[in-house]
Structure formats: structure tokens, C-alpha cells
$ cat run01.cif   # mmCIF, C-alpha atoms; chains and numbers go by the auth columns
data_final
loop_
_atom_site.group_PDB
_atom_site.id
_atom_site.type_symbol
_atom_site.label_atom_id
_atom_site.label_comp_id
_atom_site.label_asym_id
_atom_site.label_seq_id
_atom_site.Cartn_x
_atom_site.Cartn_y
_atom_site.Cartn_z
_atom_site.B_iso_or_equiv
_atom_site.auth_seq_id
_atom_site.auth_asym_id
ATOM 1 C CA MET A 1 31.709 -24.811 6.605 0.00 19 A
ATOM 2 C CA SER A 2 30.595 -23.023 9.735 0.00 20 A
ATOM 3 C CA GLN A 3 26.957 -22.785 10.743 0.00 21 A
ATOM 4 C CA ARG A 4 25.265 -19.486 9.869 0.00 22 A
ATOM 5 C CA SER A 5 22.108 -18.046 11.373 0.00 23 A
ATOM 6 C CA ASP A 6 19.283 -15.764 10.301 0.00 24 A
ATOM 7 C CA ILE A 7 19.945 -12.091 11.030 0.00 25 A
ATOM 8 C CA ALA A 8 17.329 -9.329 11.075 0.00 26 A
ATOM 9 C CA PRO A 9 18.071 -6.361 8.800 0.00 27 A
ATOM 10 C CA ASP A 10 18.293 -2.695 9.769 0.00 28 A
ATOM 11 C CA THR A 11 16.997 0.237 7.746 0.00 29 A
ATOM 12 C CA LEU A 12 19.558 1.360 5.145 0.00 30 A
ATOM 13 C CA SER A 13 19.838 4.476 2.958 0.00 31 A
ATOM 14 C CA VAL A 14 19.012 3.824 -0.699 0.00 32 A
ATOM 15 C CA SER A 15 19.675 5.901 -3.809 0.00 33 A
ATOM 16 C CA LEU A 16 18.054 4.939 -7.114 0.00 34 A
ATOM 17 C CA GLU A 17 20.298 6.333 -9.832 0.00 35 A
ATOM 18 C CA PRO A 18 20.032 6.186 -13.644 0.00 36 A
ATOM 19 C CA GLU A 19 23.140 3.941 -13.630 0.00 37 A
ATOM 20 C CA GLY A 20 21.930 1.545 -10.922 0.00 38 A
ATOM 21 C CA VAL A 21 21.071 1.209 -7.244 0.00 39 A
ATOM 22 C CA GLU A 22 23.267 2.367 -4.361 0.00 40 A
ATOM 23 C CA VAL A 23 22.783 1.037 -0.835 0.00 41 A
ATOM 24 C CA GLU A 24 24.567 2.656 2.116 0.00 42 A
ATOM 25 C CA TYR A 25 25.253 0.339 5.026 0.00 43 A
ATOM 26 C CA VAL A 26 24.796 1.481 8.641 0.00 44 A
ATOM 27 C CA ASP A 27 28.595 1.524 9.035 0.00 45 A
ATOM 28 C CA GLY A 28 28.880 4.226 6.326 0.00 46 A
ATOM 29 C CA ARG A 29 30.213 2.035 3.517 0.00 47 A
ATOM 30 C CA SER A 30 28.133 1.553 0.383 0.00 48 A
ATOM 31 C CA VAL A 31 27.607 -0.849 -2.460 0.00 49 A
ATOM 32 C CA PHE A 32 26.536 0.010 -6.002 0.00 50 A
ATOM 33 C CA TYR A 33 24.558 -2.483 -8.099 0.00 51 A
ATOM 34 C CA HIS A 34 25.305 -1.518 -11.702 0.00 52 A
ATOM 35 C CA GLY A 35 22.774 -1.210 -14.472 0.00 53 A
ATOM 36 C CA VAL A 36 19.078 -0.498 -14.746 0.00 54 A
ATOM 37 C CA PRO A 37 17.262 -3.440 -13.140 0.00 55 A
ATOM 38 C CA ALA A 38 15.298 -5.524 -15.645 0.00 56 A
ATOM 39 C CA LYS A 39 11.609 -5.637 -14.789 0.00 57 A
ATOM 40 C CA ARG A 40 10.094 -9.047 -14.014 0.00 58 A
ATOM 41 C CA GLU A 41 6.451 -9.711 -13.272 0.00 59 A
ATOM 42 C CA GLY A 42 5.808 -11.453 -9.970 0.00 60 A
ATOM 43 C CA SER A 43 9.054 -13.367 -9.420 0.00 61 A
ATOM 44 C CA VAL A 44 12.710 -13.909 -10.267 0.00 62 A
ATOM 45 C CA VAL A 45 14.496 -17.275 -10.307 0.00 63 A
ATOM 46 C CA CYS A 46 18.214 -16.930 -9.631 0.00 64 A
ATOM 47 C CA GLY A 47 20.618 -19.443 -11.146 0.00 65 A
ATOM 48 C CA PRO A 48 22.754 -21.957 -9.278 0.00 66 A
ATOM 49 C CA GLY A 49 25.694 -20.540 -7.352 0.00 67 A
ATOM 50 C CA LYS A 50 24.439 -16.963 -7.376 0.00 68 A
ATOM 51 C CA ASP A 51 24.611 -14.718 -4.330 0.00 69 A
ATOM 52 C CA VAL A 52 21.030 -13.472 -3.938 0.00 70 A
ATOM 53 C CA HIS A 53 20.392 -10.070 -2.328 0.00 71 A
ATOM 54 C CA VAL A 54 16.847 -8.744 -1.905 0.00 72 A
ATOM 55 C CA LEU A 55 16.165 -5.039 -1.324 0.00 73 A
ATOM 56 C CA VAL A 56 12.750 -3.605 -0.484 0.00 74 A
ATOM 57 C CA THR A 57 12.528 0.191 -0.486 0.00 75 A
ATOM 58 C CA SER A 58 10.299 2.421 1.578 0.00 76 A
ATOM 59 C CA PRO A 59 7.426 4.131 -0.277 0.00 77 A
ATOM 60 C CA ASP A 60 9.578 7.279 -0.687 0.00 78 A
ATOM 61 C CA GLU A 61 12.432 5.127 -2.124 0.00 79 A
ATOM 62 C CA ARG A 62 15.064 6.752 0.125 0.00 80 A
ATOM 63 C CA GLU A 63 15.379 3.896 2.616 0.00 81 A
ATOM 64 C CA GLY A 64 15.081 0.160 2.493 0.00 82 A
ATOM 65 C CA VAL A 65 15.888 -3.176 4.044 0.00 83 A
ATOM 66 C CA MET A 66 18.163 -5.787 2.502 0.00 84 A
ATOM 67 C CA VAL A 67 18.670 -9.492 3.122 0.00 85 A
ATOM 68 C CA TYR A 68 21.067 -12.015 1.701 0.00 86 A
ATOM 69 C CA VAL A 69 19.344 -15.294 0.895 0.00 87 A
ATOM 70 C CA ASN A 70 21.286 -18.478 1.723 0.00 88 A
ATOM 71 C CA ASP A 71 24.575 -16.631 2.193 0.00 89 A
ATOM 72 C CA ARG A 72 26.790 -19.050 4.108 0.00 90 A
ATOM 73 C CA ASN A 73 30.055 -17.149 3.609 0.00 91 A
ATOM 74 C CA THR A 74 29.585 -13.796 5.300 0.00 92 A
ATOM 75 C CA HIS A 75 30.311 -13.851 9.025 0.00 93 A
ATOM 76 C CA ASP A 76 27.453 -12.844 11.366 0.00 94 A
ATOM 77 C CA ASP A 77 29.475 -9.924 12.802 0.00 95 A
ATOM 78 C CA ILE A 78 29.947 -8.397 9.354 0.00 96 A
ATOM 79 C CA LEU A 79 26.243 -8.545 8.537 0.00 97 A
ATOM 80 C CA GLU A 80 25.304 -7.109 11.914 0.00 98 A
ATOM 81 C CA SER A 81 27.749 -4.203 11.501 0.00 99 A
ATOM 82 C CA THR A 82 26.423 -3.368 8.020 0.00 100 A
ATOM 83 C CA GLY A 83 22.710 -3.702 8.767 0.00 101 A
ATOM 84 C CA VAL A 84 22.169 -6.369 6.109 0.00 102 A
ATOM 85 C CA GLY A 85 20.033 -9.310 7.154 0.00 103 A
ATOM 86 C CA ARG A 86 20.360 -12.964 6.234 0.00 104 A
ATOM 87 C CA VAL A 87 17.845 -15.746 5.761 0.00 105 A
ATOM 88 C CA ILE A 88 18.823 -19.392 5.357 0.00 106 A
ATOM 89 C CA ILE A 89 16.201 -21.468 3.543 0.00 107 A
ATOM 90 C CA GLU A 90 16.510 -25.233 3.388 0.00 108 A
ATOM 91 C CA ARG A 91 15.868 -27.171 0.160 0.00 109 A
ATOM 92 C CA ASP A 92 12.201 -27.156 -0.932 0.00 110 A
ATOM 93 C CA GLU A 93 11.272 -24.636 1.776 0.00 111 A
ATOM 94 C CA GLU A 94 9.688 -21.210 1.386 0.00 112 A
ATOM 95 C CA THR A 95 9.789 -18.276 3.780 0.00 113 A
ATOM 96 C CA SER A 96 8.558 -14.712 4.000 0.00 114 A
ATOM 97 C CA LEU A 97 11.418 -12.206 3.781 0.00 115 A
ATOM 98 C CA PHE A 98 9.204 -9.157 4.281 0.00 116 A
ATOM 99 C CA PRO A 99 5.456 -8.537 4.012 0.00 117 A
ATOM 100 C CA GLY A 100 4.618 -9.219 0.377 0.00 118 A
ATOM 101 C CA VAL A 101 8.027 -10.764 -0.417 0.00 119 A
ATOM 102 C CA ASP A 102 8.782 -14.510 -0.271 0.00 120 A
ATOM 103 C CA ALA A 103 11.767 -16.669 -1.170 0.00 121 A
ATOM 104 C CA GLU A 104 11.820 -20.365 -2.008 0.00 122 A
ATOM 105 C CA ASN A 105 14.780 -22.726 -2.270 0.00 123 A
ATOM 106 C CA HIS A 106 14.416 -24.981 -5.328 0.00 124 A
ATOM 107 C CA GLY A 107 17.568 -26.944 -4.589 0.00 125 A
ATOM 108 C CA TYR A 108 20.261 -25.061 -6.462 0.00 126 A
ATOM 109 C CA ARG A 109 18.038 -22.122 -7.422 0.00 127 A
ATOM 110 C CA VAL A 110 16.393 -19.456 -5.296 0.00 128 A
ATOM 111 C CA GLU A 111 13.087 -17.933 -6.389 0.00 129 A
ATOM 112 C CA VAL A 112 12.025 -14.566 -5.019 0.00 130 A
ATOM 113 C CA SER A 113 8.384 -13.638 -5.511 0.00 131 A
ATOM 114 C CA ALA A 114 6.747 -10.370 -4.540 0.00 132 A
ATOM 115 C CA ASP A 115 3.631 -8.266 -4.606 0.00 133 A
ATOM 116 C CA PRO A 116 5.044 -4.714 -4.667 0.00 134 A
ATOM 117 C CA GLU A 117 1.751 -3.251 -3.440 0.00 135 A
ATOM 118 C CA ALA A 118 1.756 -5.530 -0.365 0.00 136 A
ATOM 119 C CA ALA A 119 5.475 -4.770 0.138 0.00 137 A
ATOM 120 C CA ARG A 120 4.619 -1.039 0.086 0.00 138 A
ATOM 121 C CA GLY A 121 7.785 -0.256 -1.847 0.00 139 A
ATOM 122 C CA ARG A 122 9.898 -1.329 -4.783 0.00 140 A
ATOM 123 C CA VAL A 123 11.386 -4.825 -4.686 0.00 141 A
ATOM 124 C CA PHE A 124 14.832 -5.442 -6.189 0.00 142 A
ATOM 125 C CA VAL A 125 16.719 -8.718 -6.569 0.00 143 A
ATOM 126 C CA PHE A 126 20.456 -8.759 -7.230 0.00 144 A
ATOM 127 C CA ALA A 127 22.056 -12.033 -8.335 0.00 145 A
ATOM 128 C CA GLU A 128 25.818 -12.129 -8.600 0.00 146 A
ATOM 129 C CA ASP A 129 28.853 -14.365 -8.673 0.00 147 A
ATOM 130 C CA GLU A 130 32.476 -14.033 -9.732 0.00 148 A
ATOM 131 C CA MET A 131 31.383 -13.994 -13.403 0.00 149 A
ATOM 132 C CA GLY A 132 29.033 -11.022 -13.140 0.00 150 A
ATOM 133 C CA GLU A 133 25.883 -9.550 -11.715 0.00 151 A
ATOM 134 C CA ALA A 134 22.244 -9.170 -12.729 0.00 152 A
ATOM 135 C CA SER A 135 19.690 -6.742 -11.318 0.00 153 A
ATOM 136 C CA TYR A 136 15.920 -7.176 -11.369 0.00 154 A
ATOM 137 C CA GLU A 137 12.894 -5.281 -10.145 0.00 155 A
ATOM 138 C CA ILE A 138 9.803 -7.334 -9.381 0.00 156 A
ATOM 139 C CA VAL A 139 6.747 -5.455 -10.602 0.00 157 A
ATOM 140 C CA SER A 140 2.998 -5.981 -10.711 0.00 158 A
ATOM 141 C CA ALA A 141 1.404 -7.348 -13.876 0.00 159 A
ATOM 142 C CA SER A 142 0.584 -3.826 -15.124 0.00 160 A
ATOM 143 C CA ASN A 143 1.936 -0.366 -14.518 0.00 161 A
ATOM 144 C CA ASP A 144 -0.022 2.605 -13.134 0.00 162 A
ATOM 145 C CA GLU A 145 -1.582 3.328 -16.513 0.00 163 A
ATOM 146 C CA GLY A 146 -2.872 -0.247 -16.815 0.00 164 A
ATOM 147 C CA GLU A 147 -0.434 -1.050 -19.601 0.00 165 A
ATOM 148 C CA PRO A 148 1.533 -4.322 -19.644 0.00 166 A
ATOM 149 C CA VAL A 149 5.005 -4.099 -18.170 0.00 167 A
ATOM 150 C CA THR A 150 7.815 -4.644 -20.647 0.00 168 A
ATOM 151 C CA ASP A 151 10.922 -6.697 -19.941 0.00 169 A
ATOM 152 C CA GLY A 152 13.290 -4.222 -21.534 0.00 170 A
ATOM 153 C CA ASP A 153 16.151 -2.292 -20.067 0.00 171 A
ATOM 154 C CA ASP A 154 14.571 1.018 -21.024 0.00 172 A
ATOM 155 C CA SER A 155 16.079 3.646 -18.797 0.00 173 A
ATOM 156 C CA ASP A 156 13.491 6.381 -19.205 0.00 174 A
ATOM 157 C CA GLY A 157 13.531 6.920 -15.431 0.00 175 A
ATOM 158 C CA ASP A 158 9.737 7.354 -15.226 0.00 176 A
ATOM 159 C CA LYS A 159 9.215 4.481 -12.816 0.00 177 A
#

$ encode --input "run01.cif" --output "C-alpha cells"
Amino acid sequence: MSQRSDIAPDTLSVSLEPEGVEVEYVDGRSVFYHGVPAKREGSVVCGPGKDVHVLVTSPDEREGVMVYVNDRNTHDDILESTGVGRVIIERDEETSLFPGVDAENHGYRVEVSADPEAARGRVFVFAEDEMGEASYEIVSASNDEGEPVTDGDDSDGDK
């Protein structure tokens, strides 16, 4: 396996759709993460073997930055041409991905924790492998009305 390095991300176009999240790379291609992201308070732990992608949007939700966590397969040139960043985290280490967003390597699992207010945008985590994909949004403990956040896949589009 070849050595991979950390790569800083560029600003990417983001579109939050009722069916999922679309991210347009700087080279004009795009990726669509299917499904309404499930809301999780504070953090998400991704299972072993999952490709972990973290997206933080701007306050207006039209732009964002994305990093792949512990991706050792994608060549540096590809990431640089797309604008996606990469962070390699060694076992039992933690690092800041963005202000208000941290990732920790628990051996075979990656945990992403976030404070959306400190991040100044919405924080999404996409975990995928050849068997499927899962989408999450890390939220604060309560919504704007002070009500507890539910863990459902309600797609009312109010958030």
C-alpha cells in the first residue's frame, strides 16, 4: 500500500435536496449522497471498513468543504483535482477536521464529533462501502425551538 498524505480541501458547491445531498467537485463532476441524513446528536461512530466523508456547509448551505477520513486508496492527484481533502488519523489519535469538527480513530472505527454552532454550518457524515451507504447530520442537543432532536428520517424539509 502506498503512503498517503493529508490534503487541504477547497470550497465546493453543495445542494441540499429532499432526496439527499449533492456535492459538486471543483473539476465539474458531482456526487450524490442518497437519502435524508439521519440526525445524530453530537457525534457519529462509523463501522469498520467504511469510507468516511465529512462535509461542513457554509451558513447559507450553498458551499462547503469535504474531507475523506483515513482514505488510503484515492491518489493524491485525484483529491487535489476534485477539491476534496484527506486526513489520515493514526490509531487512538484525534484531530480537528474543521473548527468545531473533530475525528478520532478508535482502531477499526472512526468517530466524528461536532458542534454545529462552532462549525458555523451543517455537518454531514457519509459512511459507505461496497454494501451500501449511510448519511448522517450531526446536530446540537436541541433544535431552534428548544425541542429535543429526533432520530427519525422525517423528511419535512424544515431544517

$ residues_around --input "run01.cif" --residues "segment 126-133 of chain A" --least-positions-apart "3" --cutoff "10 Å" --atoms "only C-alpha atoms" --output "MDAnalysis selection string"
chainID A and resid 58:72 74 87:88 107 109:110 112:123 136:143 145 155:159

$ closest_atom_pairs --input "run01.cif" --of "segment 78-150 of chain A" --to "segment 28-33 of chain A" --cutoff "6 Å" --atoms "only C-alpha atoms" --output "Markdown table"
| residue | atom | partner | partner_atom | distance |
| --- | --- | --- | --- | --- |
| A:Arg80 | CA | A:Val32 | CA | 5.0 |
| A:Glu81 | CA | A:Ser31 | CA | 4.5 |
| A:Gly82 | CA | A:Leu30 | CA | 5.3 |
| A:Val83 | CA | A:Thr29 | CA | 5.2 |
| A:Gly101 | CA | A:Asp28 | CA | 4.6 |

$ atom_distance --input "run01.cif" --atom1 "atom CA of Val41 of chain A" --atom2 "atom CA of Thr100 of chain A"
10.5 Å

$ resolve_selection --input "run01.cif" --expression "the PyMOL selection byres ((chain A and resi 89-97) around 8)" --output "number ranges by chain"
A: 19-23, 25, 69-70, 86-88, 98-106

$ atom_distance --input "run01.cif" --atom1 "atom CA of Leu34 of chain A" --atom2 "atom CA of Glu148 of chain A"
24.0 Å

$ atom_distance --input "run01.cif" --atom1 "atom CA of Gly46 of chain A" --atom2 "atom CA of Met149 of chain A"
27.0 Å

$ axis_aligned_box --input "run01.cif" --around "segment 41-54 of chain A" --padding-each-side "4 Å" --output "lines of an AutoDock Vina configuration file"
center_x = 24.6
center_y = 0.9
center_z = -2.9
size_x = 19.1
size_y = 14.7
size_z = 31.8

$ residues_around --input "run01.cif" --residues "Phe50 of chain A" --least-positions-apart "5" --cutoff "8 Å" --atoms "only C-alpha atoms" --output "ChimeraX atom specification"
/A:38-41
